[in-house]
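Shown next: entry03.txt, given as compact mmCIF, C-alpha atoms.
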```txt
# COMPACT_ATOMS: atom_id res chain seq x y z
CA MET A 24 -23.37 -127.81 2.92
CA LYS A 25 -22.31 -129.60 6.12
CA PHE A 26 -18.90 -129.51 7.78
CA GLN A 27 -17.35 -131.24 10.77
CA THR A 28 -14.07 -131.43 12.65
CA CYS A 29 -11.11 -132.36 10.48
CA SER A 30 -7.65 -133.46 11.56
CA GLY A 31 -5.51 -131.15 9.47
CA LEU A 32 -5.32 -129.65 5.99
CA ARG A 33 -2.31 -130.36 3.80
CA GLY A 34 -1.41 -129.58 0.21
CA GLU A 35 -1.25 -126.82 -2.39
CA VAL A 36 -4.01 -124.49 -3.55
CA THR A 37 -4.12 -122.05 -6.46
CA VAL A 38 -6.90 -119.65 -5.54
CA PRO A 39 -8.95 -117.92 -8.25
CA GLY A 40 -7.81 -114.68 -9.84
CA ASP A 41 -8.16 -111.46 -7.88
CA LYS A 42 -11.74 -110.19 -8.09
CA SER A 43 -10.83 -106.50 -7.99
CA ILE A 44 -8.22 -106.84 -10.73
CA SER A 45 -10.47 -109.05 -12.88
CA HIS A 46 -13.24 -106.44 -12.82
CA ARG A 47 -10.88 -103.63 -13.73
CA SER A 48 -9.18 -105.56 -16.53
CA ILE A 49 -12.54 -105.89 -18.31
CA MET A 50 -13.51 -102.26 -17.75
CA PHE A 51 -10.21 -100.70 -18.76
CA GLY A 52 -9.74 -103.14 -21.64
CA SER A 53 -13.16 -102.13 -22.96
CA LEU A 54 -12.15 -98.45 -22.95
CA ALA A 55 -8.73 -99.06 -24.52
CA LYS A 56 -7.62 -99.16 -28.14
CA GLY A 57 -6.66 -102.69 -29.22
CA THR A 58 -7.17 -106.12 -27.68
CA THR A 59 -6.46 -106.72 -24.00
CA GLU A 60 -5.51 -110.31 -23.13
CA ILE A 61 -6.31 -111.48 -19.60
CA THR A 62 -5.10 -114.72 -18.02
CA HIS A 63 -6.24 -116.26 -14.70
CA PHE A 64 -9.43 -114.17 -14.85
CA LEU A 65 -11.87 -114.86 -12.02
CA GLU A 66 -14.84 -116.80 -13.40
CA GLY A 67 -17.08 -115.77 -10.49
CA ALA A 68 -20.58 -114.37 -10.88
CA ASP A 69 -19.57 -110.81 -9.98
CA CYS A 70 -16.94 -110.54 -12.71
CA LEU A 71 -19.26 -112.16 -15.25
CA SER A 72 -21.72 -109.35 -14.45
CA THR A 73 -19.06 -106.84 -15.50
CA ILE A 74 -18.48 -108.71 -18.77
CA SER A 75 -22.21 -108.77 -19.46
CA CYS A 76 -22.57 -105.00 -18.90
CA PHE A 77 -19.81 -104.14 -21.36
CA GLN A 78 -21.02 -106.64 -23.94
CA LYS A 79 -24.40 -104.90 -23.82
CA MET A 80 -22.56 -101.66 -24.64
CA GLY A 81 -21.06 -103.13 -27.80
CA VAL A 82 -17.73 -104.49 -26.56
CA SER A 83 -16.69 -107.84 -28.05
CA ILE A 84 -15.36 -110.06 -25.24
CA GLU A 85 -14.20 -113.63 -25.87
CA ARG A 86 -13.93 -115.96 -22.89
CA SER A 87 -12.42 -119.42 -22.76
CA GLY A 88 -12.41 -120.34 -19.08
CA SER A 89 -10.05 -118.00 -17.27
CA HIS A 90 -8.55 -116.69 -20.54
CA VAL A 91 -10.31 -113.56 -21.82
CA LEU A 92 -9.83 -111.30 -24.84
CA VAL A 93 -11.37 -107.83 -24.66
CA HIS A 94 -11.58 -106.04 -28.02
CA GLY A 95 -11.50 -102.45 -26.79
CA GLN A 96 -13.72 -99.79 -28.34
CA GLY A 97 -11.72 -96.77 -27.17
CA MET A 98 -12.77 -94.25 -24.55
CA ARG A 99 -15.64 -92.92 -26.68
CA GLY A 100 -16.64 -96.21 -28.29
CA LEU A 101 -19.27 -97.52 -25.86
CA LYS A 102 -22.80 -97.71 -27.27
CA LYS A 103 -26.16 -97.20 -25.61
CA PRO A 104 -27.38 -100.60 -24.37
CA ASP A 105 -30.73 -101.95 -25.55
CA SER A 106 -31.74 -102.83 -21.99
CA VAL A 107 -31.05 -102.12 -18.34
CA LEU A 108 -27.50 -102.96 -17.20
CA ASP A 109 -27.76 -105.64 -14.51
CA CYS A 110 -24.80 -105.67 -12.11
CA GLY A 111 -26.03 -108.75 -10.23
CA ASN A 112 -24.55 -108.88 -6.74
CA SER A 113 -21.50 -106.79 -7.62
CA GLY A 114 -20.92 -103.51 -5.79
CA THR A 115 -17.65 -103.08 -7.69
CA THR A 116 -19.43 -103.25 -11.03
CA THR A 117 -22.19 -100.88 -9.92
CA ARG A 118 -19.97 -98.20 -8.45
CA LEU A 119 -17.06 -98.24 -10.91
CA ILE A 120 -19.19 -98.40 -14.04
CA SER A 121 -21.17 -95.39 -12.77
CA GLY A 122 -18.04 -93.25 -13.08
CA ILE A 123 -17.59 -94.36 -16.68
CA LEU A 124 -21.27 -94.00 -17.65
CA ALA A 125 -21.44 -90.48 -16.18
CA ALA A 126 -19.32 -89.24 -19.10
CA GLN A 127 -20.86 -91.12 -22.05
CA ASP A 128 -23.21 -89.62 -24.66
CA PHE A 129 -26.22 -91.79 -23.80
CA SER A 130 -28.63 -92.56 -20.96
CA VAL A 131 -28.72 -95.87 -19.10
CA THR A 132 -30.36 -97.53 -16.11
CA LEU A 133 -28.15 -99.51 -13.76
CA THR A 134 -29.57 -102.11 -11.39
CA GLY A 135 -28.65 -105.28 -9.49
CA ASP A 136 -30.03 -107.97 -7.21
CA ALA A 137 -31.91 -107.41 -3.95
CA SER A 138 -28.64 -106.97 -2.03
CA ILE A 139 -27.29 -104.34 -4.43
CA GLN A 140 -30.57 -102.45 -4.24
CA LYS A 141 -29.96 -101.97 -0.50
CA ARG A 142 -26.29 -100.98 -0.66
CA PRO A 143 -25.39 -97.27 -0.36
CA MET A 144 -24.76 -95.54 -3.70
CA LYS A 145 -24.97 -91.98 -2.39
CA ARG A 146 -21.25 -92.29 -1.60
CA ILE A 147 -20.51 -92.25 -5.35
CA MET A 148 -23.47 -90.11 -6.40
CA THR A 149 -22.31 -87.16 -4.25
CA PRO A 150 -18.86 -86.72 -5.84
CA LEU A 151 -20.12 -87.53 -9.35
CA LEU A 152 -22.84 -84.87 -9.02
CA GLN A 153 -20.13 -82.42 -7.94
CA MET A 154 -18.33 -83.24 -11.19
CA GLY A 155 -21.43 -82.35 -13.20
CA ALA A 156 -22.87 -85.84 -13.60
CA ASN A 157 -26.56 -86.50 -14.15
CA ILE A 158 -27.17 -89.45 -11.84
CA ARG A 159 -30.14 -90.20 -9.63
CA SER A 160 -31.54 -92.99 -7.51
CA ILE A 161 -34.78 -94.04 -9.21
CA HIS A 162 -36.47 -94.82 -5.89
CA ASP A 163 -34.88 -91.71 -4.31
CA ASN A 164 -33.37 -93.80 -1.51
CA GLY A 165 -29.69 -93.43 -2.38
CA CYS A 166 -29.56 -96.97 -3.77
CA ALA A 167 -29.81 -98.72 -7.13
CA PRO A 168 -31.48 -98.75 -9.55
CA LEU A 169 -29.65 -95.68 -10.83
CA ALA A 170 -30.57 -93.56 -13.85
CA ILE A 171 -27.47 -92.06 -15.47
CA THR A 172 -27.44 -89.61 -18.40
CA GLY A 173 -23.96 -88.90 -19.70
CA SER A 174 -22.80 -85.30 -19.49
CA ARG A 175 -19.72 -83.09 -19.60
CA LEU A 176 -17.71 -83.44 -16.41
CA HIS A 177 -15.16 -81.26 -14.68
CA GLY A 178 -12.41 -82.20 -12.25
CA ILE A 179 -12.82 -81.78 -8.50
CA HIS A 180 -10.82 -82.40 -5.34
CA TYR A 181 -13.00 -84.74 -3.31
CA GLN A 182 -12.40 -85.36 0.38
CA SER A 183 -13.86 -88.84 0.81
CA PRO A 184 -15.31 -89.55 4.26
CA VAL A 185 -14.56 -93.26 3.78
CA ALA A 186 -11.48 -95.16 2.64
CA SER A 187 -13.15 -97.02 -0.22
CA ALA A 188 -11.49 -98.19 -3.42
CA GLN A 189 -14.89 -98.32 -5.09
CA VAL A 190 -15.62 -94.67 -4.31
CA LYS A 191 -12.12 -93.58 -5.28
CA SER A 192 -12.23 -95.58 -8.51
CA ALA A 193 -15.61 -94.22 -9.58
CA ILE A 194 -14.26 -90.69 -9.26
CA LEU A 195 -10.95 -91.47 -11.02
CA LEU A 196 -12.75 -93.14 -13.92
CA ALA A 197 -15.00 -90.11 -14.30
CA GLY A 198 -11.83 -88.04 -14.07
CA LEU A 199 -10.49 -89.73 -17.22
CA TYR A 200 -13.19 -87.84 -19.12
CA ALA A 201 -13.35 -84.64 -17.06
CA GLU A 202 -11.98 -81.19 -17.86
CA GLY A 203 -9.01 -80.52 -15.62
CA GLU A 204 -7.36 -82.51 -12.86
CA THR A 205 -9.32 -84.75 -10.49
CA ARG A 206 -8.15 -85.53 -6.94
CA VAL A 207 -9.50 -87.92 -4.31
CA THR A 208 -8.23 -87.71 -0.73
CA GLU A 209 -9.09 -90.56 1.66
CA PRO A 210 -8.76 -90.82 5.45
CA TYR A 211 -6.55 -93.89 4.84
CA VAL A 212 -5.20 -95.39 1.62
CA SER A 213 -7.61 -97.94 0.14
CA ARG A 214 -6.60 -100.67 -2.34
CA ASN A 215 -4.81 -99.09 -5.31
CA HIS A 216 -5.49 -101.53 -8.17
CA THR A 217 -7.21 -98.80 -10.21
CA GLU A 218 -4.21 -96.47 -10.02
CA LEU A 219 -1.70 -99.20 -10.89
CA MET A 220 -3.71 -100.60 -13.78
CA LEU A 221 -4.78 -97.27 -15.28
CA ARG A 222 -1.12 -96.24 -15.29
CA SER A 223 -0.21 -99.40 -17.22
CA PHE A 224 -2.98 -98.57 -19.74
CA GLY A 225 -1.37 -95.16 -20.30
CA ALA A 226 -3.32 -92.85 -18.00
CA ASP A 227 -1.61 -90.06 -16.08
CA VAL A 228 -2.22 -91.12 -12.45
CA ARG A 229 -0.11 -90.39 -9.43
CA THR A 230 -0.41 -90.61 -5.64
CA GLU A 231 0.57 -88.13 -2.94
CA ASP A 232 0.11 -89.51 0.59
CA THR A 233 -3.60 -90.49 0.75
CA THR A 234 -4.53 -88.51 -2.38
CA ALA A 235 -4.92 -90.06 -5.84
CA ILE A 236 -4.62 -87.62 -8.75
CA ILE A 237 -5.64 -88.19 -12.38
CA GLN A 238 -5.43 -86.07 -15.51
CA PRO A 239 -7.95 -86.38 -18.36
CA ALA A 240 -6.92 -88.94 -20.98
CA LYS A 241 -7.28 -88.96 -24.77
CA GLU A 242 -6.73 -92.69 -25.12
CA LEU A 243 -6.00 -95.86 -23.17
CA TYR A 244 -3.99 -98.67 -24.77
CA ALA A 245 -4.58 -102.43 -24.57
CA GLN A 246 -2.40 -104.54 -22.24
CA GLU A 247 -1.59 -108.13 -21.36
CA ILE A 248 -2.75 -108.81 -17.80
CA GLU A 249 -1.93 -111.83 -15.66
CA VAL A 250 -4.32 -111.71 -12.73
CA PRO A 251 -2.70 -112.84 -9.45
CA GLY A 252 -4.52 -115.08 -6.99
CA ASP A 253 -7.00 -113.20 -4.82
CA ILE A 254 -5.70 -112.71 -1.28
CA SER A 255 -9.30 -112.33 -0.07
CA SER A 256 -9.95 -115.89 -1.29
CA ALA A 257 -6.60 -117.11 0.03
CA ALA A 258 -7.54 -115.71 3.46
CA PHE A 259 -9.83 -118.65 4.22
CA PHE A 260 -7.00 -121.14 3.72
CA LEU A 261 -4.55 -118.91 5.55
CA ALA A 262 -6.85 -118.98 8.57
CA ALA A 263 -7.58 -122.69 8.22
CA GLY A 264 -3.87 -123.49 8.05
CA LEU A 265 -3.22 -121.54 11.24
CA MET A 266 -6.27 -122.73 13.22
CA ILE A 267 -6.49 -126.43 12.40
CA PRO A 268 -3.79 -128.54 14.12
CA GLY A 269 -1.52 -130.55 11.84
CA SER A 270 -2.05 -128.25 8.85
CA GLU A 271 0.46 -127.09 6.25
CA ILE A 272 -0.85 -125.31 3.14
CA LEU A 273 1.02 -123.71 0.22
CA LEU A 274 -0.98 -121.01 -1.57
CA LYS A 275 0.40 -120.38 -5.05
CA HIS A 276 0.90 -117.02 -6.81
CA VAL A 277 -1.18 -114.84 -4.49
CA GLY A 278 -1.34 -111.06 -4.85
CA ILE A 279 0.33 -109.35 -1.90
CA ASN A 280 -0.27 -105.71 -2.85
CA PRO A 281 0.43 -103.74 0.37
CA THR A 282 -2.98 -102.05 0.13
CA ARG A 283 -4.58 -105.51 0.33
CA ALA A 284 -2.21 -107.58 2.48
CA GLY A 285 -3.32 -106.62 5.99
CA MET A 286 -4.42 -110.23 6.54
CA LEU A 287 -0.78 -111.34 6.42
CA GLU A 288 0.20 -108.74 9.00
CA VAL A 289 -2.61 -109.73 11.37
CA CYS A 290 -1.81 -113.44 11.05
CA ARG A 291 1.80 -112.75 12.01
CA GLU A 292 0.81 -110.44 14.88
CA MET A 293 -1.41 -113.25 16.22
CA GLY A 294 1.63 -115.56 16.24
CA GLY A 295 0.93 -117.31 12.95
CA ASP A 296 3.63 -119.20 11.03
CA VAL A 297 3.35 -117.51 7.61
CA THR A 298 6.23 -117.49 5.10
CA LEU A 299 6.39 -115.73 1.72
CA LEU A 300 8.21 -117.61 -1.06
CA ASP A 301 9.10 -116.70 -4.67
CA GLU A 302 8.14 -113.06 -4.29
CA THR A 303 7.78 -110.94 -7.45
CA SER A 304 7.39 -107.18 -7.55
CA SER A 305 6.61 -106.13 -11.14
CA GLY A 306 3.22 -104.43 -11.39
CA GLU A 307 1.08 -106.23 -8.82
CA PRO A 308 3.41 -107.96 -6.31
CA THR A 309 2.81 -111.69 -5.78
CA ALA A 310 4.20 -114.55 -3.70
CA ASP A 311 3.60 -118.15 -2.77
CA ILE A 312 2.39 -118.24 0.85
CA LEU A 313 3.30 -121.15 3.14
CA VAL A 314 1.16 -121.40 6.27
CA ARG A 315 1.48 -123.90 9.15
CA SER A 316 -0.73 -124.52 12.17
CA SER A 317 0.16 -122.23 15.06
CA SER A 318 -0.77 -121.20 18.59
CA LEU A 319 -2.54 -117.86 18.20
CA HIS A 320 -3.14 -114.99 20.59
CA GLY A 321 -5.52 -112.05 20.53
CA VAL A 322 -4.68 -108.67 18.96
CA THR A 323 -6.25 -105.24 18.47
CA ILE A 324 -7.10 -104.36 14.85
CA GLY A 325 -8.05 -100.83 13.83
CA GLY A 326 -7.06 -97.62 12.08
CA SER A 327 -5.18 -97.54 8.78
CA ILE A 328 -4.93 -101.34 8.48
CA ILE A 329 -8.72 -101.79 8.19
CA PRO A 330 -9.05 -100.87 4.48
CA THR A 331 -6.29 -103.41 3.68
CA LEU A 332 -8.30 -106.33 5.13
CA ILE A 333 -11.94 -105.24 5.15
CA ASP A 334 -13.09 -108.35 3.24
CA GLU A 335 -11.02 -110.64 5.45
CA LEU A 336 -12.44 -109.42 8.77
CA PRO A 337 -15.17 -112.09 9.02
CA MET A 338 -12.53 -114.83 8.76
CA ILE A 339 -10.26 -112.99 11.19
CA ALA A 340 -13.13 -112.75 13.70
CA ALA A 341 -13.71 -116.49 13.49
CA MET A 342 -9.98 -117.19 13.75
CA ALA A 343 -9.85 -115.03 16.89
CA CYS A 344 -12.25 -117.46 18.60
CA PHE A 345 -9.43 -120.02 18.60
CA ALA A 346 -6.79 -117.58 19.89
CA GLU A 347 -5.84 -117.05 23.53
CA GLY A 348 -7.10 -113.79 24.98
CA ASP A 349 -9.20 -111.02 23.48
CA THR A 350 -9.23 -109.70 19.94
CA VAL A 351 -10.67 -106.23 19.36
CA ILE A 352 -11.81 -105.15 15.88
CA ARG A 353 -12.64 -101.46 15.59
CA ASP A 354 -12.99 -98.73 12.91
CA ALA A 355 -14.81 -101.34 10.79
CA ALA A 356 -18.29 -99.83 10.40
CA GLU A 357 -17.87 -100.41 6.65
CA LEU A 358 -18.69 -104.07 7.37
CA LYS A 359 -22.30 -103.04 7.91
CA VAL A 360 -22.80 -102.11 4.24
CA LYS A 361 -21.24 -105.11 2.52
CA GLU A 362 -23.23 -107.97 0.94
CA SER A 363 -24.74 -108.32 4.41
CA ASN A 364 -24.27 -106.49 7.71
CA ARG A 365 -21.19 -108.57 8.43
CA ILE A 366 -20.81 -107.37 12.03
CA ASP A 367 -24.32 -108.48 12.93
CA VAL A 368 -24.10 -111.72 10.94
CA MET A 369 -20.75 -112.73 12.43
CA VAL A 370 -21.81 -111.99 16.01
CA ARG A 371 -25.08 -113.92 15.62
CA ASN A 372 -23.53 -116.96 13.97
CA LEU A 373 -20.42 -117.16 16.18
CA THR A 374 -22.64 -116.86 19.25
CA ALA A 375 -24.80 -119.70 17.92
CA MET A 376 -21.62 -121.82 17.83
CA GLY A 377 -20.80 -120.99 21.46
CA ALA A 378 -18.31 -118.17 20.96
CA ASP A 379 -18.05 -115.26 23.39
CA VAL A 380 -18.43 -112.25 21.06
CA GLU A 381 -19.61 -108.70 21.69
CA GLU A 382 -20.88 -106.38 18.97
CA THR A 383 -19.67 -102.77 19.13
CA GLU A 384 -20.62 -99.68 17.15
CA ASP A 385 -17.80 -100.15 14.65
CA GLY A 386 -16.65 -103.73 15.11
CA MET A 387 -16.61 -106.49 17.70
CA ILE A 388 -14.70 -107.94 20.66
CA ILE A 389 -13.94 -111.66 20.57
CA HIS A 390 -13.02 -113.40 23.82
CA GLY A 391 -10.99 -116.32 22.49
CA GLY A 392 -10.32 -119.80 23.77
CA LYS A 393 -13.88 -121.03 24.20
CA PRO A 394 -14.66 -124.33 22.37
CA LEU A 395 -17.13 -123.99 19.50
CA HIS A 396 -19.83 -126.45 18.54
CA GLY A 397 -21.70 -127.03 15.31
CA ALA A 398 -24.74 -124.93 14.42
CA VAL A 399 -26.98 -124.03 11.50
CA ILE A 400 -25.45 -120.95 9.87
CA ASP A 401 -27.47 -118.48 7.80
CA SER A 402 -25.02 -117.18 5.21
CA ARG A 403 -27.41 -114.35 4.25
CA LEU A 404 -26.33 -115.14 0.66
CA ASP A 405 -22.95 -113.55 1.51
CA HIS A 406 -20.09 -115.49 -0.08
CA ARG A 407 -17.52 -114.48 2.54
CA ILE A 408 -19.80 -115.49 5.40
CA ALA A 409 -20.40 -118.92 3.82
CA MET A 410 -16.67 -119.56 3.36
CA THR A 411 -15.84 -118.30 6.85
CA PHE A 412 -18.18 -120.78 8.50
CA ALA A 413 -17.17 -123.66 6.24
CA VAL A 414 -13.65 -123.24 7.64
CA THR A 415 -14.88 -122.61 11.20
CA GLY A 416 -16.98 -125.77 10.99
CA CYS A 417 -13.78 -127.74 10.48
CA MET A 418 -12.68 -126.68 13.98
CA ALA A 419 -16.03 -127.01 15.81
CA ASP A 420 -17.40 -130.05 17.62
CA GLY A 421 -20.25 -131.73 15.79
CA VAL A 422 -21.78 -130.71 12.48
CA THR A 423 -22.01 -127.19 11.09
CA GLU A 424 -24.56 -126.61 8.33
CA VAL A 425 -24.17 -123.55 6.08
CA LEU A 426 -27.41 -122.46 4.41
CA ASP A 427 -27.39 -121.03 0.86
CA ALA A 428 -23.82 -122.29 0.57
CA GLU A 429 -23.81 -121.92 -3.23
CA CYS A 430 -23.37 -118.15 -2.85
CA VAL A 431 -19.59 -118.79 -2.90
CA ASN A 432 -19.98 -118.80 -6.70
CA ILE A 433 -19.81 -115.01 -6.52
CA SER A 434 -16.06 -115.09 -5.89
CA TYR A 435 -14.79 -118.69 -5.54
CA PRO A 436 -16.84 -121.34 -7.39
CA GLU A 437 -14.36 -124.16 -6.58
CA PHE A 438 -13.98 -123.32 -2.89
CA TYR A 439 -15.63 -126.43 -1.43
CA ARG A 440 -13.77 -128.72 -3.81
CA ASP A 441 -10.42 -127.14 -2.86
CA LEU A 442 -11.24 -127.39 0.85
CA ALA A 443 -12.21 -131.07 0.53
CA ARG A 444 -9.04 -131.83 -1.43
CA LEU A 445 -6.86 -130.50 1.43
CA MET A 446 -8.61 -132.83 3.89
CA LYS A 447 -7.41 -136.00 2.12
```
As a first step, turn the structure in this file into structure tokens.
Amino acid sequence: MKFQTCSGLRGEVTVPGDKSISHRSIMFGSLAKGTTEITHFLEGADCLSTISCFQKMGVSIERSGSHVLVHGQGMRGLKKPDSVLDCGNSGTTTRLISGILAAQDFSVTLTGDASIQKRPMKRIMTPLLQMGANIRSIHDNGCAPLAITGSRLHGIHYQSPVASAQVKSAILLAGLYAEGETRVTEPYVSRNHTELMLRSFGADVRTEDTTAIIQPAKELYAQEIEVPGDISSAAFFLAAGLMIPGSEILLKHVGINPTRAGMLEVCREMGGDVTLLDETSSGEPTADILVRSSSLHGVTIGGSIIPTLIDELPMIAAMACFAEGDTVIRDAAELKVKESNRIDVMVRNLTAMGADVEETEDGMIIHGGKPLHGAVIDSRLDHRIAMTFAVTGCMADGVTEVLDAECVNISYPEFYRDLARLMK
């Protein structure tokens, strides 16, 4: 895909359903009694991988576009699959489903694509092994494929070295089946969709400071779930609306859960004109977000805010190139173990466009205000990198070409169409 300077983006966008919530709605609906109805489900490749895994374990799932019915089998109703469970490119699927599979009465092999087979799984294997799980890395490298044999689990109090919703969720899901209470303490609070949704399904989950606590459950009960728009997908249009002169974009019904909404805070700290409209607060909070082009300035981003915007940091780094002064991103080493090493990829590609960017051990420093020019961008098959440079290309001189641009199908299949529509 090729992109060049545009003169402003105007209009409304309804971004796809939240990826994290879509994954969990399938998983928890599969374990519940009754039929869970999901609307505005994300039809991206990652979430379809989750559907496929549970269908292979005997769950009937009907899908008509973004409307999904999950006919739950109950907590003990999953069946041994006839084949390996393929999680595709989805780290969420791989890590969360491991917590569930650790407590079943069958053995299974879990794998994924080349990217998944390089991503660290020891971070979930360690606590699950402490709970009594039988889980091993088949190649003994701490990565997928994983061999899991269900076993009896017991509750633990795990002090997680990373603030990761995937790690926390894997442990909490295992905790549903464990004997006794399970606790997970994080250095900072990560996104809390698992806690909120499990509570709505009838689980006994509570939070104390940075600790999530779950009691074993006998049953979960089907729910109706309206998935809000994904703020990680909205982030690209938030940034575009701020960066590109003459822009005004209204993003409809976006999730603004405080554990996910760090992007909004950073945009405002950088001087961005961002207004929340029609806010709702039941369950997952949502709002329409109005964004207008603004003069931006550099900021320092680190500490407890990082887990609330980890997926948005590539777009923030690009946005910082068009801000006055320096932007410092730190405490973000987690970017190195995403779909790509996003620190390395961002520094290389922004430098290729003429940006003044320094890589650090746990982030980067962006010296803003230097004009960017078009370049050939290697997305490394990372959907967030591809979308970041599609937007950045709209602000650069000349033509920007994004290689393997179709990888956006993982989270936002209609992204390029929505971007083109705002240019008219």
Quiz item: Expressed in Å to a single decimal, how great is the separation between CA of Ile123 (chain A) and CA of Ser192 (chain A)?
Solution: 9.8 Å
At a cut-off of 12 Å, can you tabulate as JSON lines every residue of region 231-295 of chain A near region 350-373 of chain A together with its closest atom pair and the distance in Å to one decimal, using all atoms listed in the file and ordering rows by chain then number?
```
{"residue": "A:Val289", "atom": "CA", "partner": "A:Thr350", "partner_atom": "CA", "distance": 10.8}
{"residue": "A:Glu292", "atom": "CA", "partner": "A:Thr350", "partner_atom": "CA", "distance": 11.3}
{"residue": "A:Met293", "atom": "CA", "partner": "A:Thr350", "partner_atom": "CA", "distance": 9.4}
```
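A straight line drawn from CA of Glu384 (chain A) to CA of Ala343 (chain A) is 18.8 Å long.
For the set A:Ile312, A:Ala263, A:Val297, A:Ala126, the residue with the smallest atom-to-atom gap to His276 (chain A) is A:Ile312, counting only C-alpha atoms.
Excluding Val399 (chain A) itself and any same-chain residue fewer than 4 positions from it, the protein and nucleic acid residues within 9 Å of it, counting all atoms listed in the file, are Asn372, Ala375, Met376, Val422, Thr423, Glu424, Val425 and Leu426 of chain A.
Here CA of Leu32 (chain A) and CA of Met446 (chain A) stand 5.0 Å from one another.
For the choices A:Met418, A:Met266, A:Val36, A:Leu119, the atom-to-atom distance to Gln189 (chain A) is smallest for A:Leu119 when using all atoms listed in the file.
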Each residue of region 244-293 of chain A lying at most 7 Å from region 44-55 of chain A should get a row with its shortest atom-to-atom pair and the distance in Å to one decimal, counting only C-alpha atoms; could you produce that, ordered by chain and increasing number, as CSV?
```
residue,atom,partner,partner_atom,distance
A:Tyr244,CA,A:Ala55,CA,4.8
A:Ala245,CA,A:Ala55,CA,5.3
A:Val250,CA,A:Ile44,CA,6.6
```
For the residues selected in the previous step, produce a file with C-alpha atoms as a JSON list (two decimals), in the frame of the given file.
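File written: out_0.json
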```
[["chain", "number", "residue", "atom", "x", "y", "z"],
["A", 244, "TYR", "CA", -3.99, -98.67, -24.77],
["A", 245, "ALA", "CA", -4.58, -102.43, -24.57],
["A", 250, "VAL", "CA", -4.32, -111.71, -12.73]]
```
Counting all atoms listed in the file, find the residues whose atoms lie at most 12 Å from (-13.0, -92.0, -12.6) (file coordinates) and write them out as a compact mmCIF listing (two decimals) with C-alpha atoms, keeping the file's coordinate frame.
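Written out: part-v6.txt:
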```
# COMPACT_ATOMS: atom_id res chain seq x y z
CA ARG A 47 -10.88 -103.63 -13.73
CA MET A 50 -13.51 -102.26 -17.75
CA PHE A 51 -10.21 -100.70 -18.76
CA ARG A 118 -19.97 -98.20 -8.45
CA LEU A 119 -17.06 -98.24 -10.91
CA ILE A 120 -19.19 -98.40 -14.04
CA SER A 121 -21.17 -95.39 -12.77
CA GLY A 122 -18.04 -93.25 -13.08
CA ILE A 123 -17.59 -94.36 -16.68
CA LEU A 124 -21.27 -94.00 -17.65
CA ALA A 125 -21.44 -90.48 -16.18
CA ALA A 126 -19.32 -89.24 -19.10
CA ILE A 147 -20.51 -92.25 -5.35
CA PRO A 150 -18.86 -86.72 -5.84
CA LEU A 151 -20.12 -87.53 -9.35
CA MET A 154 -18.33 -83.24 -11.19
CA ALA A 156 -22.87 -85.84 -13.60
CA LEU A 176 -17.71 -83.44 -16.41
CA HIS A 177 -15.16 -81.26 -14.68
CA GLY A 178 -12.41 -82.20 -12.25
CA ILE A 179 -12.82 -81.78 -8.50
CA TYR A 181 -13.00 -84.74 -3.31
CA ALA A 188 -11.49 -98.19 -3.42
CA GLN A 189 -14.89 -98.32 -5.09
CA VAL A 190 -15.62 -94.67 -4.31
CA LYS A 191 -12.12 -93.58 -5.28
CA SER A 192 -12.23 -95.58 -8.51
CA ALA A 193 -15.61 -94.22 -9.58
CA ILE A 194 -14.26 -90.69 -9.26
CA LEU A 195 -10.95 -91.47 -11.02
CA LEU A 196 -12.75 -93.14 -13.92
CA ALA A 197 -15.00 -90.11 -14.30
CA GLY A 198 -11.83 -88.04 -14.07
CA LEU A 199 -10.49 -89.73 -17.22
CA TYR A 200 -13.19 -87.84 -19.12
CA ALA A 201 -13.35 -84.64 -17.06
CA GLU A 204 -7.36 -82.51 -12.86
CA THR A 205 -9.32 -84.75 -10.49
CA ARG A 206 -8.15 -85.53 -6.94
CA VAL A 207 -9.50 -87.92 -4.31
CA THR A 217 -7.21 -98.80 -10.21
CA GLU A 218 -4.21 -96.47 -10.02
CA LEU A 221 -4.78 -97.27 -15.28
CA ALA A 226 -3.32 -92.85 -18.00
CA VAL A 228 -2.22 -91.12 -12.45
CA ALA A 235 -4.92 -90.06 -5.84
CA ILE A 236 -4.62 -87.62 -8.75
CA ILE A 237 -5.64 -88.19 -12.38
CA GLN A 238 -5.43 -86.07 -15.51
CA PRO A 239 -7.95 -86.38 -18.36
CA ALA A 240 -6.92 -88.94 -20.98
```
Quiz item: If you count only C-alpha atoms, which residues fall within 10 Å of region 267-273 of chain A, apart from same-chain ones fewer than 2 positions away, as a count of residues only?
Solution: 39
Quiz item: Leaving out Cys430 (chain A) and any residue of its chain fewer than 3 positions from it, which residues lie within 7 Å of it when counting all atoms listed in the file, given as a count of residues only?
Solution: 5
Quiz item: Using all atoms listed in the file, which residue out of A:Asp41, A:Asp69, A:Glu85, A:Glu60 lies closest to Val431 (chain A)?
Solution: A:Asp69
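Minimum atom-to-atom distance to Arg214 (chain A), evaluated using all atoms listed in the file, belongs to A:Gly285 out of A:Gly67, A:Gly95, A:Gly285, A:Gly40.
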Self-check item: Distance query 12 Å from (-5.6, -110.6, 3.3) using all atoms listed in the file, result as an MDAnalysis selection string
Solution: chainID A and resid 41 214 252:262 277:291 312 328:339
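Closest approach to Phe224 (chain A) from the set A:Met98, A:Ile171, A:Cys76, A:Ala409 is made by A:Met98, with distances taken over all atoms listed in the file.
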Using all atoms of region 227-237 of chain A that appear in the file, construct an axis-aligned enclosing box with 5 Å of padding on every side and provide its centre coordinates and edge lengths in Å, rounded to one decimal, as AutoDock Vina command-line options.
```
--center_x -2.5 --center_y -89.4 --center_z -7.7 --size_x 16.2 --size_y 13.5 --size_z 26.8
```
